[in-house]
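Here is the structure we will look at, set down as structure tokens.
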Amino acid sequence: MTTMLEVDGLGHTYQGKDGAHTAIDGLSFTVRAGELVCVVGPSGCGKSTLLRTIAGLVRPSRGTVSLHGNRVDGVPADLAVVFQDYSRSLFPWLTVARNVEFPLRGLAKAERVARARDALAAVGLDQAGRKYPWQLSGGMQQRVAIARALAYRPALLLMDEPFASVDAQTRFELEDLLLRVRREQDTTVLLVTHDIDESVYLGDRVLVLSKSPATVVADLDVHLGGARDQITTRASEEFVELRARVAGLLQGKQATRQPVHK
Amino acid sequence: MSALVRELRRWAVLAVAVVLWELVTRAAHDQNFPPPTTIARAAGRLWFSDAFADHIVPGVGRMLVGWAVAAVIGVALGVALGRSRAAMAYLGPVFTFMRSIPPPLLVPFFVATVGVLDLQLPTIVFGSIWPVLLNTVDGVRGVDATKVETAQVFRLSRTQWTFGVVLPSALPKVFAGLRLSLSIALILMVVSELVGSENGIGNRLVRAKSDYELPDMWAWIVLLGVLGYLFNTLLLLLERRALAWQPRHSLEAKTLATGG
Amino acid sequence: MSGAPRVPASLVGLVGLFAIWEVASRTDLVPAYYLRPPSVVFPRLLELVFADANFQRALVATLSATVLALVIAVLVAVPAGLLLGSVPAVRHGVMTLVEFLRPIPSVALIPLALLTFGTGPDTKVTLAVYGALWPILFNTMYALDEIDPLHVETARAFGTGRLGVLTRVALPHAAPFVLTGIRLSFAIAMGVAVSVELLAGGSVGIGQVVLEAGSGGFDMDTVLAGTVLAGLIGYGANAGLELLQRKAFAWSTPRGGAR
């Protein structure tokens with residue numbers, strides 16, 4: 001499998017009024033094409049900084065990020081982001097369909113419309129194109145944000161706590177939606193979360209970060225197979241064992257870089 | 001950046017602008033646009049002459065009295081009516097209609113009714129009352145439900161309720177209205193004195209124009225700018241005192257959010 | 001005050017105002033000679049608007065000057081506001097000057113403008129632009145201050161450049177603020193236009209018609225009719241722009257602000 005994302009020695013220090021603050025330090029990992037990798041870490045550990053440096057929104061102080069071999073310097077052309085705060089990342093003055101079409105500038109009108117329609121259908125919102133984001137529930141708004149990212153057909157999809165602001169029931173639905181569309185579209189996903197269960201349930205791999213400044217303390221493979229189910233998967237032995245392990249790592253027990261598989 | 005540096009830079013920008021103005025007007029040699037040094041000489045001669053007592057004091061006095069009367073009536077009416085949904089449903093449109101009459105158009109009405117020499121005060125009062133009134137109503141309406149319930153629980157007297165809860169909550173809006181009214185009062189002072197008055201800055205301005213004394217005319221214009229700046233700054237200071245308990249708003253926004 | 005009162009009550013209020021006015025002037029509570037009753041003023045108003053060519057010309061002159069000034073003000077103030085709002089260095093310099101220019105009431109410039117531009121419509125329009133510029137400029141600028149950083153980040157994450165962010169994110173975000181500015185500026189532009197008409201002998205417009213009726217002929221019917229009509233126009237423009245705001249920018253939360 002080819003390498004999609006390579007992060008090498010990445011570190012970032014914010015210069016604030018009251019001294020410097022190092023958010024992340026010496027982070028190195030890779031994501032292969034087609035993988036869904038979850039990054040889990042304690043709150044405030046610099047997960048968002050990591051994501052913003054990968055997206056090219058923040059220029060890192062140290063280290064490099066490469067997307068399919070090209071060094072990231074500025075926002076790469078084939079990358080999409082889904083932020084946690086859907087109510088702020090969707091544009092309130094555009095309809096749902098126009099929001100999805102927003103990044104597709106440069107394509108022919110017919111192509112834009114078709115892509116938006118397909119993406120909205122993929123997230124189960126074929127009927128909502130002419131509505132405005134604020135006319136939809138929170139979960140539906142986040143579906144729109146996902147559709148927007150999918151329609152862009154990115155090489156890498158970054159998700160920043162994408163399901164942290166919706167209720168538990170919606171969260172399960174959206175998690176399964178994500179698993180389905182990445183399977184259908186073969187998208188490479190890097191998802192940041194603070195939720196241990198979510199990271200294990202969604203990921204092919206789970207990267208566990210330490211407290212700030214964040215470093216990678218473990219890189220765990222998840223062997224739950226392609227088809228996952230909110231009830232049976234979460235009850236499976238492998239799942240329970242993995243989540244306990246991640247929880248232990250987050251609480252600062254002996255870190256390991258050894259893969260978990262036997 | 002420290003406040004001092006910012007202040008210094010502000011004045012530096014102004015100084016550069018004035019120097020540029022001087023150079024451009026000197027080069028252009030346009031009668032209508034005398035250089036600032038000439039204007040400054042005229043201002044020094046005019047502002048501190050008899051004109052101060054004969055024109056500046058009476059005109060500005062009328063403006064301040066008119067504005068104060070409008071403020072008292074506007075706030076009192078606003079507090080009295082603002083809490084009543086019914087009263088405002090009926091009267092709101094009436095006030096808005098009154099507010100919509102271009103204030104300078106009051107001048108002809110008062111020219112006809114009270115005469116050219118006495119029209120300044122009524123024009124200023126009538127023109128500047130509506131922003132205070134409507135903004136007070138707005139502020140008074142906005143007292144939040146928790147405060148209303150708290151007041152009920154503590155069984156506040158009517159006076160305590162009005163002066164202890166309603167008025168302080170409405171104060172930011174009241175000040176917004178006062179600032180708008182002040183700028184309208186200044187405009188009406190000028191317009192009414194331009195149309196007809198035996199004294200006042202507007203009167204001097206129009207006289208300087210007909211005598212073709214351009215530096216004098218500019219000096220009066222500059223004086224009006226200085227007065228506008230001065231009154232707005234004083235009102236802002238007062239506001240900052242009165243609203244010290246409030247989270248700070250942008251000073252810049254307040255300095256500039258004036259009408260006309 | 002954005003919530004429109006219920007239509008019947010608001011109508012009752014306005015009709016009540018005119019009824020009290022009628023009674024007051026009929027019963028000589030106030031000198032009827034000055035405060036002519038509405039039953040005289042309104043017919044006169046209709047007569048002026050529909051049958052008096054002179055007044056029609058004046059009305060068109062005032063309104064077209066107002067609208068033209070607004071259009072120019074928008075064309076100048078919106079790009080300027082976007083520029084000042086997004087380049088802090090320019091903003092600091094310009095705002096320092098504006099802070100000293102702004103307090104000069106536009107009407108104080110009337111004599112100067114009359115000397116420079118004459119008594120034609122140029123004077124009116126120029127000064128009305130000067131007056132109308134500020135609310136639109138400041139509203140555009142402050143809209144940019146309030147823009148959600150996540151909107152900008154989202155656009156950038158999808159590869160939108162600096163110019164794209166300005167036109168596709170900042171501009172639509174600022175649009176409701178701009179419209180609020182236009183609403184405030186309408187009253188200012190009309191007020192300035194009327195002021196110029198009051199003072200410049202040769203300037204055709206409502207202000208001049210009303211002033212002449214008041215001072216020369218003591219024709220109070222026309223004075224009141226003209227004043228009421230201007231009030232109705234201002235009221236209508238304000239209500240119309242508020243309605244437009246609600247319809248066109250339904251996505252935007254209502255904006256307060258001093259009025």
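Chain labels follow the order of the structure tokens: the first chain is A, the next B, and so on; residue numbering restarts at 1 in every chain, and ligands are counted from 1 in their shown order.
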Contacts of Leu209 (chain A) within 9 Å, only C-alpha atoms, excl. fewer than 6 positions in-chain, as a JSON list (two decimals) with all heavy atoms, in the first residue's frame:
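The resulting file, result-v3.json, is reproduced below:
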[["chain", "number", "residue", "atom", "x", "y", "z"],
["A", 39, "VAL", "N", -6.79, 9.59, 15.70],
["A", 39, "VAL", "CA", -5.82, 10.15, 16.63],
["A", 39, "VAL", "C", -6.58, 10.47, 17.90],
["A", 39, "VAL", "O", -7.54, 11.24, 17.88],
["A", 39, "VAL", "CB", -5.19, 11.43, 16.07],
["A", 39, "VAL", "CG1", -4.26, 12.06, 17.10],
["A", 39, "VAL", "CG2", -4.45, 11.13, 14.78],
["A", 40, "VAL", "N", -6.19, 9.85, 19.01],
["A", 40, "VAL", "CA", -6.91, 10.09, 20.24],
["A", 40, "VAL", "C", -5.92, 10.64, 21.26],
["A", 40, "VAL", "O", -4.76, 10.24, 21.31],
["A", 40, "VAL", "CB", -7.63, 8.81, 20.73],
["A", 40, "VAL", "CG1", -6.65, 7.71, 21.06],
["A", 40, "VAL", "CG2", -8.51, 9.10, 21.94],
["A", 41, "GLY", "N", -6.37, 11.59, 22.05],
["A", 41, "GLY", "CA", -5.48, 12.19, 23.05],
["A", 41, "GLY", "C", -6.31, 12.94, 24.06],
["A", 41, "GLY", "O", -7.47, 13.25, 23.80],
["A", 42, "PRO", "N", -5.71, 13.23, 25.20],
["A", 42, "PRO", "CA", -6.45, 13.97, 26.23],
["A", 42, "PRO", "C", -6.81, 15.36, 25.72],
["A", 42, "PRO", "O", -6.14, 15.90, 24.84],
["A", 42, "PRO", "CB", -5.47, 14.05, 27.40],
["A", 42, "PRO", "CG", -4.13, 13.71, 26.86],
["A", 42, "PRO", "CD", -4.34, 12.93, 25.61],
["A", 45, "CYS", "N", -4.50, 18.58, 24.24],
["A", 45, "CYS", "CA", -3.14, 18.06, 24.06],
["A", 45, "CYS", "C", -2.51, 18.51, 22.76],
["A", 45, "CYS", "O", -1.38, 18.20, 22.47],
["A", 45, "CYS", "CB", -3.13, 16.53, 24.13],
["A", 45, "CYS", "SG", -3.70, 15.75, 22.63],
["A", 46, "GLY", "N", -3.24, 19.28, 21.97],
["A", 46, "GLY", "CA", -2.66, 19.76, 20.72],
["A", 46, "GLY", "C", -3.16, 19.02, 19.50],
["A", 46, "GLY", "O", -2.56, 19.12, 18.42],
["A", 47, "LYS", "N", -4.27, 18.29, 19.65],
["A", 47, "LYS", "CA", -4.82, 17.55, 18.51],
["A", 47, "LYS", "C", -5.21, 18.50, 17.37],
["A", 47, "LYS", "O", -4.96, 18.23, 16.20],
["A", 47, "LYS", "CB", -6.07, 16.75, 18.94],
["A", 47, "LYS", "CG", -5.80, 15.68, 19.97],
["A", 47, "LYS", "CD", -7.03, 14.81, 20.18],
["A", 47, "LYS", "CE", -8.20, 15.56, 20.78],
["A", 47, "LYS", "NZ", -8.19, 15.63, 22.24],
["A", 215, "THR", "N", 3.09, 13.98, 21.93],
["A", 215, "THR", "CA", 3.93, 13.08, 21.14],
["A", 215, "THR", "C", 3.15, 11.80, 20.97],
["A", 215, "THR", "O", 2.19, 11.54, 21.71],
["A", 215, "THR", "CB", 5.25, 12.77, 21.86],
["A", 215, "THR", "OG1", 4.94, 12.35, 23.19],
["A", 215, "THR", "CG2", 6.16, 13.98, 21.93],
["A", 216, "VAL", "N", 3.55, 10.97, 20.00],
["A", 216, "VAL", "CA", 2.84, 9.70, 19.80],
["A", 216, "VAL", "C", 3.34, 8.70, 20.84],
["A", 216, "VAL", "O", 4.53, 8.39, 20.88],
["A", 216, "VAL", "CB", 3.08, 9.15, 18.38],
["A", 216, "VAL", "CG1", 2.37, 7.82, 18.19],
["A", 216, "VAL", "CG2", 2.62, 10.16, 17.34],
["A", 217, "VAL", "N", 2.44, 8.20, 21.70],
["A", 217, "VAL", "CA", 2.87, 7.22, 22.69],
["A", 217, "VAL", "C", 2.56, 5.80, 22.25],
["A", 217, "VAL", "O", 3.15, 4.85, 22.76],
["A", 217, "VAL", "CB", 2.26, 7.48, 24.08],
["A", 217, "VAL", "CG1", 2.78, 8.78, 24.66],
["A", 217, "VAL", "CG2", 0.76, 7.48, 24.04],
["A", 218, "ALA", "N", 1.62, 5.63, 21.33],
["A", 218, "ALA", "CA", 1.34, 4.28, 20.85],
["A", 218, "ALA", "C", 0.69, 4.34, 19.49],
["A", 218, "ALA", "O", -0.02, 5.30, 19.17],
["A", 218, "ALA", "CB", 0.43, 3.53, 21.83],
["A", 249, "LEU", "N", -3.30, 3.81, 28.33],
["A", 249, "LEU", "CA", -2.23, 4.65, 27.76],
["A", 249, "LEU", "C", -2.50, 6.13, 28.01],
["A", 249, "LEU", "O", -1.61, 6.90, 28.31],
["A", 249, "LEU", "CB", -2.13, 4.41, 26.26],
["A", 249, "LEU", "CG", -1.49, 3.08, 25.86],
["A", 249, "LEU", "CD1", -1.79, 2.76, 24.41],
["A", 249, "LEU", "CD2", 0.01, 3.15, 26.09],
["A", 250, "LEU", "N", -3.79, 6.50, 27.88],
["A", 250, "LEU", "CA", -4.13, 7.91, 28.07],
["A", 250, "LEU", "C", -3.94, 8.34, 29.52],
["A", 250, "LEU", "O", -3.62, 9.48, 29.80],
["A", 250, "LEU", "CB", -5.58, 8.17, 27.65],
["A", 250, "LEU", "CG", -5.80, 8.23, 26.14],
["A", 250, "LEU", "CD1", -7.28, 8.39, 25.83],
["A", 250, "LEU", "CD2", -5.01, 9.37, 25.53]]
What are the DSSP helix (DSSP H, G or I) residues of region 100-199 of chain A, as a short mmCIF file (atom, residue, chain, number, x, y, z; two decimals) with N, CA, C and O atoms, in the first residue's frame?
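Heads up, here's the output in out.cif:
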data_model
loop_
_atom_site.label_atom_id
_atom_site.label_comp_id
_atom_site.auth_asym_id
_atom_site.auth_seq_id
_atom_site.Cartn_x
_atom_site.Cartn_y
_atom_site.Cartn_z
N VAL A 100 -22.23 22.67 -0.40
CA VAL A 100 -21.48 21.51 -0.88
C VAL A 100 -20.70 21.88 -2.14
O VAL A 100 -19.58 21.44 -2.35
N GLU A 101 -21.28 22.77 -2.96
CA GLU A 101 -20.61 23.17 -4.20
C GLU A 101 -19.47 24.16 -3.95
O GLU A 101 -18.64 24.38 -4.82
N PHE A 102 -19.47 24.76 -2.74
CA PHE A 102 -18.52 25.86 -2.48
C PHE A 102 -17.09 25.57 -2.93
O PHE A 102 -16.48 26.38 -3.61
N PRO A 103 -16.53 24.42 -2.52
CA PRO A 103 -15.12 24.21 -2.90
C PRO A 103 -14.94 23.76 -4.35
O PRO A 103 -13.80 23.63 -4.80
N LEU A 104 -16.04 23.56 -5.07
CA LEU A 104 -15.92 22.96 -6.41
C LEU A 104 -15.77 24.00 -7.51
O LEU A 104 -15.98 23.71 -8.68
N LYS A 109 -20.47 23.94 -14.32
CA LYS A 109 -21.67 24.03 -13.49
C LYS A 109 -22.36 22.68 -13.36
O LYS A 109 -22.71 22.26 -12.25
N ALA A 110 -22.55 21.99 -14.48
CA ALA A 110 -23.28 20.72 -14.47
C ALA A 110 -22.55 19.69 -13.59
O ALA A 110 -23.17 18.96 -12.81
N GLU A 111 -21.23 19.70 -13.70
CA GLU A 111 -20.42 18.77 -12.92
C GLU A 111 -20.54 19.08 -11.42
O GLU A 111 -20.67 18.17 -10.59
N ARG A 112 -20.53 20.37 -11.11
CA ARG A 112 -20.66 20.79 -9.71
C ARG A 112 -21.97 20.30 -9.12
O ARG A 112 -22.02 19.73 -8.04
N VAL A 113 -23.06 20.56 -9.89
CA VAL A 113 -24.38 20.21 -9.41
C VAL A 113 -24.47 18.69 -9.22
O VAL A 113 -24.97 18.21 -8.19
N ALA A 114 -23.94 17.96 -10.18
CA ALA A 114 -24.02 16.50 -10.11
C ALA A 114 -23.24 15.98 -8.90
O ALA A 114 -23.73 15.12 -8.16
N ARG A 115 -22.06 16.51 -8.70
CA ARG A 115 -21.24 16.04 -7.57
C ARG A 115 -21.92 16.34 -6.25
O ARG A 115 -21.92 15.52 -5.33
N ALA A 116 -22.48 17.55 -6.14
CA ALA A 116 -23.16 17.92 -4.91
C ALA A 116 -24.35 17.00 -4.66
O ALA A 116 -24.59 16.54 -3.55
N ARG A 117 -25.08 16.70 -5.73
CA ARG A 117 -26.25 15.84 -5.60
C ARG A 117 -25.83 14.45 -5.12
O ARG A 117 -26.41 13.89 -4.20
N ASP A 118 -24.78 13.91 -5.74
CA ASP A 118 -24.31 12.58 -5.37
C ASP A 118 -23.83 12.56 -3.92
O ASP A 118 -24.14 11.64 -3.16
N ALA A 119 -23.08 13.60 -3.54
CA ALA A 119 -22.54 13.63 -2.18
C ALA A 119 -23.66 13.73 -1.16
O ALA A 119 -23.63 13.06 -0.13
N LEU A 120 -24.67 14.56 -1.47
CA LEU A 120 -25.78 14.69 -0.53
C LEU A 120 -26.56 13.38 -0.45
O LEU A 120 -27.02 12.99 0.63
N ALA A 121 -26.69 12.69 -1.59
CA ALA A 121 -27.38 11.40 -1.57
C ALA A 121 -26.59 10.41 -0.72
O ALA A 121 -27.16 9.63 0.05
N ALA A 122 -25.27 10.46 -0.82
CA ALA A 122 -24.44 9.52 -0.06
C ALA A 122 -24.62 9.69 1.44
O ALA A 122 -24.49 8.73 2.20
N PRO A 133 -28.64 25.75 6.01
CA PRO A 133 -28.08 24.92 7.08
C PRO A 133 -28.85 25.06 8.40
O PRO A 133 -29.11 24.07 9.09
N TRP A 134 -29.22 26.31 8.73
CA TRP A 134 -29.87 26.53 10.03
C TRP A 134 -31.28 25.97 10.08
O TRP A 134 -31.91 25.97 11.13
N GLN A 135 -31.78 25.50 8.95
CA GLN A 135 -33.10 24.86 8.97
C GLN A 135 -33.00 23.36 9.27
O GLN A 135 -33.99 22.67 9.33
N GLY A 138 -28.69 19.53 14.08
CA GLY A 138 -27.24 19.48 14.20
C GLY A 138 -26.63 18.31 13.44
O GLY A 138 -25.66 18.46 12.69
N GLY A 139 -27.22 17.14 13.63
CA GLY A 139 -26.70 15.96 12.95
C GLY A 139 -26.76 16.09 11.44
O GLY A 139 -25.83 15.71 10.72
N MET A 140 -27.86 16.67 10.96
CA MET A 140 -27.99 16.85 9.51
C MET A 140 -26.98 17.87 9.00
O MET A 140 -26.43 17.72 7.90
N GLN A 141 -26.73 18.91 9.80
CA GLN A 141 -25.74 19.90 9.38
C GLN A 141 -24.36 19.26 9.24
O GLN A 141 -23.62 19.54 8.31
N GLN A 142 -24.04 18.35 10.19
CA GLN A 142 -22.74 17.73 10.10
C GLN A 142 -22.68 16.79 8.88
O GLN A 142 -21.63 16.63 8.27
N ARG A 143 -23.83 16.19 8.52
CA ARG A 143 -23.87 15.40 7.29
C ARG A 143 -23.54 16.28 6.09
O ARG A 143 -22.86 15.84 5.16
N VAL A 144 -24.06 17.50 6.10
CA VAL A 144 -23.78 18.42 5.00
C VAL A 144 -22.27 18.69 4.92
O VAL A 144 -21.67 18.66 3.84
N ALA A 145 -21.67 18.92 6.10
CA ALA A 145 -20.23 19.19 6.11
C ALA A 145 -19.46 17.99 5.57
O ALA A 145 -18.47 18.15 4.84
N ILE A 146 -19.92 16.77 5.91
CA ILE A 146 -19.27 15.56 5.40
C ILE A 146 -19.46 15.47 3.88
O ILE A 146 -18.53 15.19 3.13
N ALA A 147 -20.70 15.77 3.44
CA ALA A 147 -20.98 15.73 2.00
C ALA A 147 -20.10 16.71 1.26
O ALA A 147 -19.58 16.41 0.17
N ARG A 148 -19.91 17.89 1.84
CA ARG A 148 -19.07 18.90 1.20
C ARG A 148 -17.64 18.38 1.03
O ARG A 148 -17.02 18.55 -0.02
N ALA A 149 -17.15 17.72 2.09
CA ALA A 149 -15.79 17.18 2.02
C ALA A 149 -15.71 16.06 0.98
O ALA A 149 -14.74 15.97 0.22
N LEU A 150 -16.75 15.22 0.91
CA LEU A 150 -16.73 14.09 -0.02
C LEU A 150 -16.81 14.57 -1.47
O LEU A 150 -16.12 14.05 -2.35
N ALA A 151 -17.66 15.57 -1.70
CA ALA A 151 -17.85 16.07 -3.06
C ALA A 151 -16.54 16.62 -3.64
O ALA A 151 -16.34 16.62 -4.84
N ALA A 168 -25.85 11.43 21.36
CA ALA A 168 -25.29 10.08 21.27
C ALA A 168 -25.90 9.27 20.14
O ALA A 168 -25.19 8.58 19.39
N GLN A 169 -27.22 9.35 19.98
CA GLN A 169 -27.90 8.55 18.96
C GLN A 169 -27.41 8.97 17.57
O GLN A 169 -27.04 8.15 16.73
N THR A 170 -27.38 10.28 17.33
CA THR A 170 -26.93 10.82 16.05
C THR A 170 -25.48 10.45 15.80
O THR A 170 -25.06 10.15 14.68
N ARG A 171 -24.73 10.46 16.87
CA ARG A 171 -23.32 10.15 16.79
C ARG A 171 -23.09 8.74 16.23
O ARG A 171 -22.27 8.55 15.32
N PHE A 172 -23.87 7.78 16.75
CA PHE A 172 -23.78 6.40 16.24
C PHE A 172 -24.10 6.36 14.75
O PHE A 172 -23.42 5.74 13.95
N GLU A 173 -25.17 7.07 14.38
CA GLU A 173 -25.58 7.09 12.96
C GLU A 173 -24.47 7.65 12.09
O GLU A 173 -24.16 7.11 11.03
N LEU A 174 -23.89 8.75 12.55
CA LEU A 174 -22.87 9.41 11.74
C LEU A 174 -21.60 8.56 11.66
O LEU A 174 -20.92 8.54 10.63
N GLU A 175 -21.28 7.87 12.74
CA GLU A 175 -20.10 7.00 12.72
C GLU A 175 -20.28 5.90 11.66
O GLU A 175 -19.38 5.64 10.86
N ASP A 176 -21.48 5.32 11.65
CA ASP A 176 -21.73 4.26 10.65
C ASP A 176 -21.76 4.83 9.24
O ASP A 176 -21.31 4.19 8.28
N LEU A 177 -22.29 6.05 9.14
CA LEU A 177 -22.29 6.73 7.84
C LEU A 177 -20.86 6.91 7.34
O LEU A 177 -20.56 6.62 6.18
N LEU A 178 -19.99 7.32 8.22
CA LEU A 178 -18.60 7.54 7.83
C LEU A 178 -17.96 6.23 7.37
O LEU A 178 -17.28 6.18 6.33
N LEU A 179 -18.20 5.16 8.14
CA LEU A 179 -17.62 3.87 7.76
C LEU A 179 -18.13 3.43 6.39
O LEU A 179 -17.37 2.89 5.57
N ARG A 180 -19.43 3.67 6.15
CA ARG A 180 -20.00 3.26 4.87
C ARG A 180 -19.40 4.05 3.71
O ARG A 180 -18.91 3.48 2.73
N VAL A 181 -19.37 5.40 3.81
CA VAL A 181 -18.92 6.18 2.66
C VAL A 181 -17.43 6.01 2.40
O VAL A 181 -16.99 6.00 1.25
N ARG A 182 -16.64 5.81 3.46
CA ARG A 182 -15.21 5.66 3.16
C ARG A 182 -14.97 4.30 2.50
O ARG A 182 -14.04 4.15 1.70
N ARG A 183 -15.83 3.34 2.80
CA ARG A 183 -15.72 2.05 2.13
C ARG A 183 -16.13 2.21 0.66
O ARG A 183 -15.43 1.77 -0.25
N GLU A 184 -17.27 2.89 0.44
CA GLU A 184 -17.77 3.08 -0.93
C GLU A 184 -16.81 3.90 -1.77
O GLU A 184 -16.61 3.63 -2.95
N GLN A 185 -16.23 4.94 -1.17
CA GLN A 185 -15.43 5.87 -1.97
C GLN A 185 -13.94 5.66 -1.79
O GLN A 185 -13.15 6.37 -2.38
N ILE A 196 -12.40 7.61 23.35
CA ILE A 196 -11.67 6.35 23.17
C ILE A 196 -12.49 5.35 22.36
O ILE A 196 -12.02 4.74 21.40
N ASP A 197 -13.77 5.18 22.74
CA ASP A 197 -14.63 4.20 22.07
C ASP A 197 -14.73 4.50 20.59
O ASP A 197 -14.66 3.63 19.73
N GLU A 198 -14.89 5.80 20.30
CA GLU A 198 -15.05 6.20 18.91
C GLU A 198 -13.79 5.88 18.11
O GLU A 198 -13.86 5.38 16.99
N SER A 199 -12.62 6.14 18.72
CA SER A 199 -11.38 5.91 17.99
C SER A 199 -11.21 4.43 17.66
O SER A 199 -10.79 4.06 16.56
#
Who sits within 10 Å of Ala55 (chain A), only C-alpha atoms, same chain under 4 positions skipped, as JSON, numbers by chain
{"A": [49, 50, 51, 59, 65, 67, 72, 73, 74, 75, 76, 77, 79, 80, 81, 156, 157, 158], "C": [153, 156, 157, 158, 159]}
Write out as a PyMOL selection string every residue belonging to chain C that has an atom at most 10 Å from any atom of chain A, counting only C-alpha atoms.
chain C and resi 148-161+168-169+172-173+175+248-252
Could you please select, counting only C-alpha atoms, the residues of chain C within 7 Å of chain B and state them as number ranges by chain?
C: 1, 5-6, 9-10, 12-14, 34, 93, 96-97, 103-109, 111, 116, 131, 187-188, 190-191, 194-195, 199, 207, 210-211, 214-215, 218, 223, 227, 230-232, 234-235, 258-259
Rounded to one decimal, what separation in Å do you get between CA of Pro37 (chain C) and CA of Ala225 (chain C)?
10.6 Å
Neighbouring residues of Leu35 (chain C) were defined as those with any atom within 10 Å, considering only C-alpha atoms; residues of the same chain fewer than 3 positions away were excluded. Please report them as a list in words.
Phe109 and Thr113 of chain B; Trp21, Glu22, Ala24, Ser25, Arg26, Asp28, Leu29, Val30, Pro31, Ala32, Pro38, Val41, Met220, Asp221, Val223 and Leu224 of chain C
By how many Å are CA of Gly142 (chain B) and CA of Val165 (chain B) apart?
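Straight-line distance from CA of Gly142 (chain B) to CA of Val165 (chain B) works out to 11.4 Å.
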With only C-alpha atoms as the counted atoms, please give the residues lying no more than 8 Å from region 55-58 of chain B, apart from itself and same-chain residues fewer than 4 positions off, as a PyMOL selection string.
chain B and resi 51+62+199-201+204
Find the distance between CA of Ala242 (chain B) and CA of Thr159 (chain B) and write it in Å to one decimal.
19.5 Å
So that I can see what lies close to Ile182 (chain C), please list as a list in words the residues with an atom at most 7 Å from it, counting only C-alpha atoms and leaving out residues fewer than 4 positions away in the same chain.
Ile136, Val178 and Phe186 of chain C
Output N, CA and C atoms for every residue in the selection just made, as a compact mmCIF listing (two decimals), in the first residue's frame.
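Final output, saved to out.txt:
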# COMPACT_ATOMS: atom_id res chain seq x y z
N ILE C 136 -22.26 53.09 6.20
CA ILE C 136 -21.99 51.92 5.35
C ILE C 136 -20.55 51.47 5.53
N VAL C 178 -24.12 45.66 5.70
CA VAL C 178 -24.11 46.73 4.70
C VAL C 178 -25.53 47.26 4.51
N PHE C 186 -30.01 56.15 4.38
CA PHE C 186 -31.09 56.75 3.59
C PHE C 186 -31.58 58.02 4.27
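Omitting Val7 (chain A) and its sequence neighbours fewer than 5 positions away, and counting only C-alpha atoms, the residues within 7 Å are Leu27, Ser28, Phe29, Thr30, Thr64, Val65 and Ser66 of chain A.
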Please dump the current selection as a CSV table (one decimal), in the first residue's frame; keep N, CA and C atoms.
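After the write, selection-v4.csv holds the following:
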chain,number,residue,atom,x,y,z
A,27,LEU,N,6.3,14.8,16.6
A,27,LEU,CA,5.4,13.8,16.1
A,27,LEU,C,5.8,13.2,14.8
A,28,SER,N,5.8,11.9,14.8
A,28,SER,CA,6.1,11.2,13.5
A,28,SER,C,5.1,10.0,13.3
A,29,PHE,N,4.5,10.0,12.2
A,29,PHE,CA,3.7,8.8,11.9
A,29,PHE,C,3.3,8.8,10.4
A,30,THR,N,2.8,7.7,9.8
A,30,THR,CA,2.4,7.7,8.4
A,30,THR,C,1.0,7.2,8.3
A,64,THR,N,8.3,18.2,9.2
A,64,THR,CA,7.6,18.3,7.8
A,64,THR,C,6.4,17.4,7.8
A,65,VAL,N,5.5,17.8,6.9
A,65,VAL,CA,4.3,17.0,6.5
A,65,VAL,C,4.4,16.8,5.0
A,66,SER,N,4.2,15.6,4.6
A,66,SER,CA,4.1,15.3,3.2
A,66,SER,C,2.9,14.6,2.8
Taking only region 135-253 of chain A into account, list the residues labelled strand (DSSP E) by DSSP (computed from the backbone), as a VMD selection string.
chain A and resid 156 to 160 188 to 193 205 to 209 216 to 221
